[in-house]
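J.: Here it is: the structure, laid out below.
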Amino acid sequence: MVELTKQQYIDLYYYMRLTRSLEERLTILFRQNKVIGGLYRSLGQEATAVGTAYALSKGDILSPLIRDLGAMLVRGALPREIFMQYMAREGGGSRGRDLNIHIADLERGFIGPISHLGDMVSVTAGLALGARLKAKNIVTMVYVGDGATSTGAFHEGVNLIAVLNLPTIIVMEHNGYAFSTPTEQQCAVRDLIEKAKAYGIPGYIVDGNDVVACYEVARQAVDRARQGGGPTMIEAKTFRMLGHAQHDDQRYVPKDLLEYWKTKDPIDNYKRVLEQKDILKSDELDQLDRRIAEYLDEELAIAEASPFPDPASLLEGVYKEPIRNASSHLP
């Protein structure tokens, strides 16, 4: 087991609570028609994103899914940036050109996903290979859902990672549904980790609602990768407690299944762990929650005061200036 300090225990709670509270604010903004486009929540999955990302070090790079906002917060993304991104403001990560967490900042170690989620496995492999060629000892981490593991792009990417023995961690978030399709209707294996055997790389199953367990297994995988041991696949067993997005009422999910997973809420259960270990008492947790709420009030005020991008800047960073006289550049 990996030993955690008191501050690390608190950090894990802080990032999970910050993630959920931030997304709750985004839901209000969405209902006020201030969010441009869709809103994808990570309710019930915060432990997977926070625990695994917390195992990375400065210089490492991760590629989150739309439900891995917590991973980006761990890596240094600010709530104001997330608010501005969702509201298409100038101060957002894409300056109003893209939506939700489709943003990247290699300095802080995250690269936003595209909608074809399985493709990000190959992108992350490329980052790991490029770092190796430059003699940089970094680790990359890529998140995929159970649905993405059924795509051809996923298999090609993992095969490349395995063959080249790249320092990449593949986190498979097994949350029960690929949009509205249950896992058993799009995958024959009960445990996604069975797929790791096909590539000859180690794989582990972890309780995706246990933030400490997620951190421990990810930390071991990261240490192994950094020491030249190659890739690892991690299957985090969790559940998506809301629809695919705010427009999805989740009517296809049995009510008793939702009730079962409510008892496994990662934040509520982790609060009990902190109290049992005498790390934070109930009143101290309440005080921390209030500080997070006040912090988000301040961050949202900054975001709402941010202007929309100037329409005249629309093509900046999109097209390269064309070569006016191409023939003059011929040998």
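To be explicit about the labels: the chains of the structure tokens are called A, B, and onward in the order shown, and within each one the residues are counted from 1, while ligands get numbers from 1 in the order they are shown.
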Please provide as a PDB file with N, CA and C atoms, in the first residue's frame all residues within 9 Å of Asp223 in chain A, with the sequence filter that same-chain residues fewer than 5 positions apart are discarded (counting only C-alpha atoms).
T.:
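Below you can see selection.pdb, which holds the result:
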```pdb
ATOM      1  N   ALA A  55      -2.012  10.821  -8.748  1.00  0.00           N
ATOM      2  CA  ALA A  55      -0.795   9.996  -8.735  1.00  0.00           C
ATOM      3  C   ALA A  55       0.281  10.522  -9.683  1.00  0.00           C
ATOM      4  N   VAL A 139       5.252  10.406 -17.723  1.00  0.00           N
ATOM      5  CA  VAL A 139       4.210   9.388 -17.833  1.00  0.00           C
ATOM      6  C   VAL A 139       2.977  10.040 -18.430  1.00  0.00           C
ATOM      7  N   ALA A 218      -3.119   3.635  -9.179  1.00  0.00           N
ATOM      8  CA  ALA A 218      -2.537   4.518 -10.191  1.00  0.00           C
ATOM      9  C   ALA A 218      -1.102   4.885  -9.839  1.00  0.00           C
ATOM     10  N   GLY A 228      10.535   2.478 -16.351  1.00  0.00           N
ATOM     11  CA  GLY A 228      10.769   1.723 -17.581  1.00  0.00           C
ATOM     12  C   GLY A 228       9.956   0.449 -17.696  1.00  0.00           C
ATOM     13  N   GLY A 229       8.999   0.238 -16.776  1.00  0.00           N
ATOM     14  CA  GLY A 229       8.206  -0.992 -16.787  1.00  0.00           C
ATOM     15  C   GLY A 229       7.099  -1.042 -17.811  1.00  0.00           C
TER      16      GLY A 229
END
```
J.: List as CSV every residue of range 27-100 of chain A that is in contact with range 141-158 of chain A, defined as an atom at most 9 Å from one of its atoms (using only C-alpha atoms), together with the nearest atom pair and the distance in Å rounded to one decimal, sorted by chain and then rising number.
T.:
```
residue,atom,partner,partner_atom,distance
A:Ala49,CA,A:Tyr143,CA,8.6
A:Thr52,CA,A:Met141,CA,8.8
A:Ala53,CA,A:Met141,CA,8.1
A:Leu56,CA,A:Met141,CA,8.5
A:Asp60,CA,A:Met141,CA,8.1
A:Ile61,CA,A:Met141,CA,6.4
A:Leu62,CA,A:Met141,CA,4.5
A:Ser63,CA,A:Val142,CA,4.8
A:Pro64,CA,A:Tyr143,CA,5.4
A:Leu65,CA,A:Tyr143,CA,5.9
A:Asp68,CA,A:Tyr143,CA,8.2
```
J.: Can you spit out the residues from that selection as a PDB file, in the first residue's frame, using C-alpha atoms?
T.:
```
ATOM      1  CA  ALA A  49     -10.712  11.062 -11.932  1.00  0.00           C
ATOM      2  CA  THR A  52      -5.805   8.553 -10.591  1.00  0.00           C
ATOM      3  CA  ALA A  53      -4.720  12.064 -11.622  1.00  0.00           C
ATOM      4  CA  LEU A  56       0.886  11.978 -11.525  1.00  0.00           C
ATOM      5  CA  ASP A  60       3.263  14.218 -16.756  1.00  0.00           C
ATOM      6  CA  ILE A  61       0.344  14.541 -19.171  1.00  0.00           C
ATOM      7  CA  LEU A  62      -3.204  13.240 -19.063  1.00  0.00           C
ATOM      8  CA  SER A  63      -6.093  13.143 -21.503  1.00  0.00           C
ATOM      9  CA  PRO A  64      -9.399  13.315 -19.591  1.00  0.00           C
ATOM     10  CA  LEU A  65     -12.893  12.370 -20.688  1.00  0.00           C
ATOM     11  CA  ASP A  68     -12.979  13.810 -15.702  1.00  0.00           C
TER      12      ASP A  68
END
```
J.: Using only C-alpha atoms, determine which residues lie at most 10 Å from Gly112 in chain A, disregarding the query and same-chain residues fewer than 3 positions distant; provide the list as a PDB file with N, CA and C atoms, in the first residue's frame.
T.:
```
ATOM      1  N   LEU A  62      -2.020  14.098 -19.019  1.00  0.00           N
ATOM      2  CA  LEU A  62      -3.204  13.240 -19.063  1.00  0.00           C
ATOM      3  C   LEU A  62      -4.190  13.747 -20.104  1.00  0.00           C
ATOM      4  N   SER A  63      -5.007  12.813 -20.579  1.00  0.00           N
ATOM      5  CA  SER A  63      -6.093  13.143 -21.503  1.00  0.00           C
ATOM      6  C   SER A  63      -7.394  12.709 -20.841  1.00  0.00           C
ATOM      7  N   PRO A  64      -8.171  13.666 -20.306  1.00  0.00           N
ATOM      8  CA  PRO A  64      -9.399  13.315 -19.591  1.00  0.00           C
ATOM      9  C   PRO A  64     -10.574  13.090 -20.522  1.00  0.00           C
ATOM     10  N   LEU A  65     -11.614  12.451 -19.996  1.00  0.00           N
ATOM     11  CA  LEU A  65     -12.893  12.370 -20.688  1.00  0.00           C
ATOM     12  C   LEU A  65     -13.763  13.545 -20.236  1.00  0.00           C
ATOM     13  N   ILE A  66     -14.949  13.655 -20.827  1.00  0.00           N
ATOM     14  CA  ILE A  66     -15.863  14.724 -20.445  1.00  0.00           C
ATOM     15  C   ILE A  66     -16.300  14.607 -18.986  1.00  0.00           C
ATOM     16  N   MET A  72      -8.597  17.380 -14.225  1.00  0.00           N
ATOM     17  CA  MET A  72      -8.056  18.660 -14.673  1.00  0.00           C
ATOM     18  C   MET A  72      -7.845  19.617 -13.502  1.00  0.00           C
ATOM     19  N   GLY A  93     -10.405  28.350 -21.897  1.00  0.00           N
ATOM     20  CA  GLY A  93      -9.236  27.678 -22.470  1.00  0.00           C
ATOM     21  C   GLY A  93      -9.175  27.700 -23.977  1.00  0.00           C
ATOM     22  N   ASN A 100     -17.190  22.682 -23.358  1.00  0.00           N
ATOM     23  CA  ASN A 100     -16.890  21.883 -22.158  1.00  0.00           C
ATOM     24  C   ASN A 100     -15.391  21.785 -21.897  1.00  0.00           C
ATOM     25  N   ILE A 101     -14.835  20.599 -21.725  1.00  0.00           N
ATOM     26  CA  ILE A 101     -13.407  20.536 -21.362  1.00  0.00           C
ATOM     27  C   ILE A 101     -12.526  20.190 -22.561  1.00  0.00           C
ATOM     28  N   HIS A 102     -12.944  20.570 -23.747  1.00  0.00           N
ATOM     29  CA  HIS A 102     -12.122  20.382 -24.946  1.00  0.00           C
ATOM     30  C   HIS A 102     -11.040  21.456 -24.997  1.00  0.00           C
ATOM     31  N   ILE A 103     -10.163  21.442 -24.018  1.00  0.00           N
ATOM     32  CA  ILE A 103      -9.092  22.427 -23.929  1.00  0.00           C
ATOM     33  C   ILE A 103      -7.799  21.711 -23.552  1.00  0.00           C
ATOM     34  N   ALA A 104      -6.693  22.360 -23.820  1.00  0.00           N
ATOM     35  CA  ALA A 104      -5.405  21.737 -23.537  1.00  0.00           C
ATOM     36  C   ALA A 104      -4.442  22.749 -22.947  1.00  0.00           C
ATOM     37  N   ASP A 105      -3.599  22.285 -22.068  1.00  0.00           N
ATOM     38  CA  ASP A 105      -2.522  23.094 -21.508  1.00  0.00           C
ATOM     39  C   ASP A 105      -1.392  22.139 -21.142  1.00  0.00           C
ATOM     40  N   LEU A 106      -0.439  22.004 -22.039  1.00  0.00           N
ATOM     41  CA  LEU A 106       0.650  21.058 -21.812  1.00  0.00           C
ATOM     42  C   LEU A 106       1.554  21.497 -20.664  1.00  0.00           C
ATOM     43  N   SER A 115     -14.407  14.273 -29.570  1.00  0.00           N
ATOM     44  CA  SER A 115     -15.597  13.448 -29.381  1.00  0.00           C
ATOM     45  C   SER A 115     -15.361  11.976 -29.683  1.00  0.00           C
ATOM     46  N   MET A 120      -8.113   9.182 -28.538  1.00  0.00           N
ATOM     47  CA  MET A 120      -7.178   9.836 -27.624  1.00  0.00           C
ATOM     48  C   MET A 120      -6.125   8.872 -27.087  1.00  0.00           C
TER      49      MET A 120
END
```
J.: Can you tell me, as a PyMOL selection string, what residues are no more than 7 Å from range 204-210 of chain A when counting only C-alpha atoms, ignoring any on the same chain fewer than 5 positions away?
T.: chain A and resi 45+47-48+193+233-238+264-266
J.: Counting only C-alpha atoms, which residue out of A:Val211, A:Ile201, A:Leu129, A:Val163 sits closest to Gln8 in chain A?
T.: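 Nearest to Gln8 in chain A: A:Val211.
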J.: Find the residue from A:Met84, A:Met16, A:Val74, A:Ile36 that sits nearest to Ala303 in chain A; use only C-alpha atoms when measuring.
T.: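 Selected residue with least distance to Ala303 in chain A: A:Met84.
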J.: Closest to Ile292 in chain A among A:Leu18, A:Val222, A:Leu29, A:Met241, using only C-alpha atoms?
T.: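 Of A:Leu18, A:Val222, A:Leu29, A:Met241, the one nearest Ile292 in chain A is A:Leu18, counting only C-alpha atoms.
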J.: Tell me which of A:Thr5, A:Gln276, A:Ser122, A:Ser42 sits closest to Ser21 in chain A, counting only C-alpha atoms.
T.: A:Ser42
J.: Where in range 64-267 of chain A does DSSP assign alpha helix (DSSP H), given as number ranges by chain?
T.: A: 69-74, 79-86, 119-133, 152-163, 211-226, 255-262, 266-267
J.: Okay, now the selection with C-alpha atoms, as an mmCIF file, in the first residue's frame?
T.:
```cif
data_model
loop_
_atom_site.group_PDB
_atom_site.id
_atom_site.type_symbol
_atom_site.label_atom_id
_atom_site.label_comp_id
_atom_site.auth_asym_id
_atom_site.auth_seq_id
_atom_site.Cartn_x
_atom_site.Cartn_y
_atom_site.Cartn_z
ATOM 1 C CA LEU A 69 -13.158 17.452 -14.711
ATOM 2 C CA GLY A 70 -11.697 16.410 -11.364
ATOM 3 C CA ALA A 71 -8.511 15.241 -13.076
ATOM 4 C CA MET A 72 -8.056 18.660 -14.673
ATOM 5 C CA LEU A 73 -8.589 20.446 -11.352
ATOM 6 C CA VAL A 74 -5.931 18.221 -9.794
ATOM 7 C CA PRO A 79 -12.729 26.961 -11.733
ATOM 8 C CA ARG A 80 -12.919 30.365 -13.450
ATOM 9 C CA GLU A 81 -11.364 28.829 -16.564
ATOM 10 C CA ILE A 82 -13.931 26.036 -16.561
ATOM 11 C CA PHE A 83 -16.810 28.477 -16.070
ATOM 12 C CA MET A 84 -15.534 30.674 -18.905
ATOM 13 C CA GLN A 85 -15.003 27.690 -21.159
ATOM 14 C CA TYR A 86 -18.582 26.487 -20.712
ATOM 15 C CA ASP A 119 -8.717 8.168 -30.666
ATOM 16 C CA MET A 120 -7.178 9.836 -27.624
ATOM 17 C CA VAL A 121 -5.345 6.610 -26.802
ATOM 18 C CA SER A 122 -3.171 7.019 -29.888
ATOM 19 C CA VAL A 123 -2.761 10.737 -29.238
ATOM 20 C CA THR A 124 -1.509 10.009 -25.730
ATOM 21 C CA ALA A 125 0.779 7.310 -27.090
ATOM 22 C CA GLY A 126 2.249 9.899 -29.451
ATOM 23 C CA LEU A 127 2.941 12.228 -26.551
ATOM 24 C CA ALA A 128 4.698 9.438 -24.663
ATOM 25 C CA LEU A 129 6.761 8.473 -27.713
ATOM 26 C CA GLY A 130 7.699 12.094 -28.412
ATOM 27 C CA ALA A 131 8.842 12.530 -24.816
ATOM 28 C CA ARG A 132 10.946 9.373 -25.080
ATOM 29 C CA LEU A 133 12.636 10.646 -28.245
ATOM 30 C CA GLY A 152 -11.099 0.124 -33.410
ATOM 31 C CA ALA A 153 -9.157 3.272 -32.546
ATOM 32 C CA PHE A 154 -8.867 2.123 -28.932
ATOM 33 C CA HIS A 155 -7.410 -1.257 -29.894
ATOM 34 C CA GLU A 156 -4.935 0.207 -32.366
ATOM 35 C CA GLY A 157 -3.760 2.703 -29.776
ATOM 36 C CA VAL A 158 -3.339 0.185 -26.961
ATOM 37 C CA ASN A 159 -1.524 -2.199 -29.302
ATOM 38 C CA LEU A 160 0.938 0.580 -30.198
ATOM 39 C CA ILE A 161 1.459 1.416 -26.529
ATOM 40 C CA ALA A 162 2.126 -2.234 -25.716
ATOM 41 C CA VAL A 163 4.493 -2.910 -28.626
ATOM 42 C CA VAL A 211 -10.564 7.592 -4.113
ATOM 43 C CA VAL A 212 -7.721 6.170 -2.012
ATOM 44 C CA ALA A 213 -7.834 2.829 -3.836
ATOM 45 C CA CYS A 214 -7.790 4.671 -7.177
ATOM 46 C CA TYR A 215 -4.785 6.678 -6.077
ATOM 47 C CA GLU A 216 -2.909 3.632 -4.813
ATOM 48 C CA VAL A 217 -3.307 1.541 -7.960
ATOM 49 C CA ALA A 218 -2.537 4.518 -10.191
ATOM 50 C CA ARG A 219 0.516 5.471 -8.143
ATOM 51 C CA GLN A 220 1.932 1.963 -8.472
ATOM 52 C CA ALA A 221 1.299 2.020 -12.228
ATOM 53 C CA VAL A 222 2.880 5.459 -12.602
ATOM 54 C CA ASP A 223 5.980 4.458 -10.606
ATOM 55 C CA ARG A 224 6.339 1.315 -12.698
ATOM 56 C CA ALA A 225 6.012 3.247 -15.951
ATOM 57 C CA ARG A 226 8.535 5.883 -14.881
ATOM 58 C CA LYS A 255 -34.409 2.755 -10.637
ATOM 59 C CA ASP A 256 -33.188 0.053 -8.254
ATOM 60 C CA LEU A 257 -29.753 0.181 -9.905
ATOM 61 C CA LEU A 258 -29.521 3.910 -9.269
ATOM 62 C CA GLU A 259 -30.608 3.404 -5.664
ATOM 63 C CA TYR A 260 -27.874 0.805 -5.169
ATOM 64 C CA TRP A 261 -25.146 3.100 -6.482
ATOM 65 C CA LYS A 262 -26.363 5.982 -4.320
ATOM 66 C CA PRO A 266 -17.651 8.441 -3.312
ATOM 67 C CA ILE A 267 -17.832 11.715 -1.396
#
```
J.: Once DSSP has gone over the backbone, tell me which residues of range 151-234 of chain A are in strand (DSSP E), as a PyMOL selection string.
T.: chain A and resi 168-174+177-178+181-182+203-207+232-234
J.: Just write the chosen residues, N, CA and C atoms, as a PDB file, in the first residue's frame.
T.:
```pdb
ATOM      1  N   THR A 168       2.570   4.646 -20.428  1.00  0.00           N
ATOM      2  CA  THR A 168       1.203   5.162 -20.521  1.00  0.00           C
ATOM      3  C   THR A 168       0.251   4.338 -19.658  1.00  0.00           C
ATOM      4  N   ILE A 169      -0.590   5.031 -18.917  1.00  0.00           N
ATOM      5  CA  ILE A 169      -1.604   4.384 -18.089  1.00  0.00           C
ATOM      6  C   ILE A 169      -2.950   4.571 -18.779  1.00  0.00           C
ATOM      7  N   ILE A 170      -3.646   3.470 -19.066  1.00  0.00           N
ATOM      8  CA  ILE A 170      -4.973   3.529 -19.675  1.00  0.00           C
ATOM      9  C   ILE A 170      -5.998   3.283 -18.571  1.00  0.00           C
ATOM     10  N   VAL A 171      -6.783   4.306 -18.245  1.00  0.00           N
ATOM     11  CA  VAL A 171      -7.804   4.199 -17.208  1.00  0.00           C
ATOM     12  C   VAL A 171      -9.151   3.988 -17.891  1.00  0.00           C
ATOM     13  N   MET A 172      -9.732   2.807 -17.692  1.00  0.00           N
ATOM     14  CA  MET A 172     -11.031   2.489 -18.281  1.00  0.00           C
ATOM     15  C   MET A 172     -12.105   2.720 -17.230  1.00  0.00           C
ATOM     16  N   GLU A 173     -12.941   3.707 -17.458  1.00  0.00           N
ATOM     17  CA  GLU A 173     -14.013   4.032 -16.522  1.00  0.00           C
ATOM     18  C   GLU A 173     -15.250   3.215 -16.894  1.00  0.00           C
ATOM     19  N   HIS A 174     -15.433   2.135 -16.176  1.00  0.00           N
ATOM     20  CA  HIS A 174     -16.557   1.230 -16.450  1.00  0.00           C
ATOM     21  C   HIS A 174     -17.757   1.734 -15.658  1.00  0.00           C
ATOM     22  N   TYR A 177     -22.822   2.404 -18.741  1.00  0.00           N
ATOM     23  CA  TYR A 177     -23.524   2.717 -19.983  1.00  0.00           C
ATOM     24  C   TYR A 177     -22.639   3.509 -20.936  1.00  0.00           C
ATOM     25  N   ALA A 178     -22.708   3.150 -22.220  1.00  0.00           N
ATOM     26  CA  ALA A 178     -22.109   3.932 -23.289  1.00  0.00           C
ATOM     27  C   ALA A 178     -23.263   4.707 -23.914  1.00  0.00           C
ATOM     28  N   THR A 181     -26.484   2.602 -23.974  1.00  0.00           N
ATOM     29  CA  THR A 181     -26.274   1.173 -24.201  1.00  0.00           C
ATOM     30  C   THR A 181     -25.546   0.538 -23.021  1.00  0.00           C
ATOM     31  N   PRO A 182     -26.164  -0.406 -22.318  1.00  0.00           N
ATOM     32  CA  PRO A 182     -25.479  -1.062 -21.205  1.00  0.00           C
ATOM     33  C   PRO A 182     -24.291  -1.873 -21.698  1.00  0.00           C
ATOM     34  N   GLY A 203      -2.933  -5.581 -16.000  1.00  0.00           N
ATOM     35  CA  GLY A 203      -4.193  -4.881 -15.813  1.00  0.00           C
ATOM     36  C   GLY A 203      -4.733  -5.115 -14.413  1.00  0.00           C
ATOM     37  N   TYR A 204      -5.413  -4.113 -13.875  1.00  0.00           N
ATOM     38  CA  TYR A 204      -5.934  -4.194 -12.517  1.00  0.00           C
ATOM     39  C   TYR A 204      -7.351  -3.621 -12.450  1.00  0.00           C
ATOM     40  N   ILE A 205      -8.164  -4.220 -11.594  1.00  0.00           N
ATOM     41  CA  ILE A 205      -9.504  -3.714 -11.323  1.00  0.00           C
ATOM     42  C   ILE A 205      -9.468  -2.961  -9.999  1.00  0.00           C
ATOM     43  N   VAL A 206     -10.121  -1.797  -9.958  1.00  0.00           N
ATOM     44  CA  VAL A 206     -10.174  -1.017  -8.731  1.00  0.00           C
ATOM     45  C   VAL A 206     -11.601  -0.515  -8.522  1.00  0.00           C
ATOM     46  N   ASP A 207     -11.965  -0.331  -7.273  1.00  0.00           N
ATOM     47  CA  ASP A 207     -13.251   0.280  -6.934  1.00  0.00           C
ATOM     48  C   ASP A 207     -13.169   1.753  -7.327  1.00  0.00           C
ATOM     49  N   THR A 232       0.201   0.183 -18.239  1.00  0.00           N
ATOM     50  CA  THR A 232      -0.718  -0.543 -17.362  1.00  0.00           C
ATOM     51  C   THR A 232      -2.143  -0.159 -17.742  1.00  0.00           C
ATOM     52  N   MET A 233      -3.051  -1.124 -17.681  1.00  0.00           N
ATOM     53  CA  MET A 233      -4.464  -0.835 -17.859  1.00  0.00           C
ATOM     54  C   MET A 233      -5.158  -0.955 -16.504  1.00  0.00           C
ATOM     55  N   ILE A 234      -6.001   0.024 -16.200  1.00  0.00           N
ATOM     56  CA  ILE A 234      -6.752   0.041 -14.943  1.00  0.00           C
ATOM     57  C   ILE A 234      -8.236   0.106 -15.274  1.00  0.00           C
TER      58      ILE A 234
END
```
J.: So how far away is CA of Gly243 in chain A from CA of Lys195 in chain A, in Å?
T.: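 Atom-to-atom, CA of Lys195 in chain A to CA of Gly243 in chain A, that is 26.5 Å.
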J.: Could you tell me how far CA of Lys58 in chain A lies from CA of Met1 in chain A, in Å and to one decimal?
T.: 22.3 Å
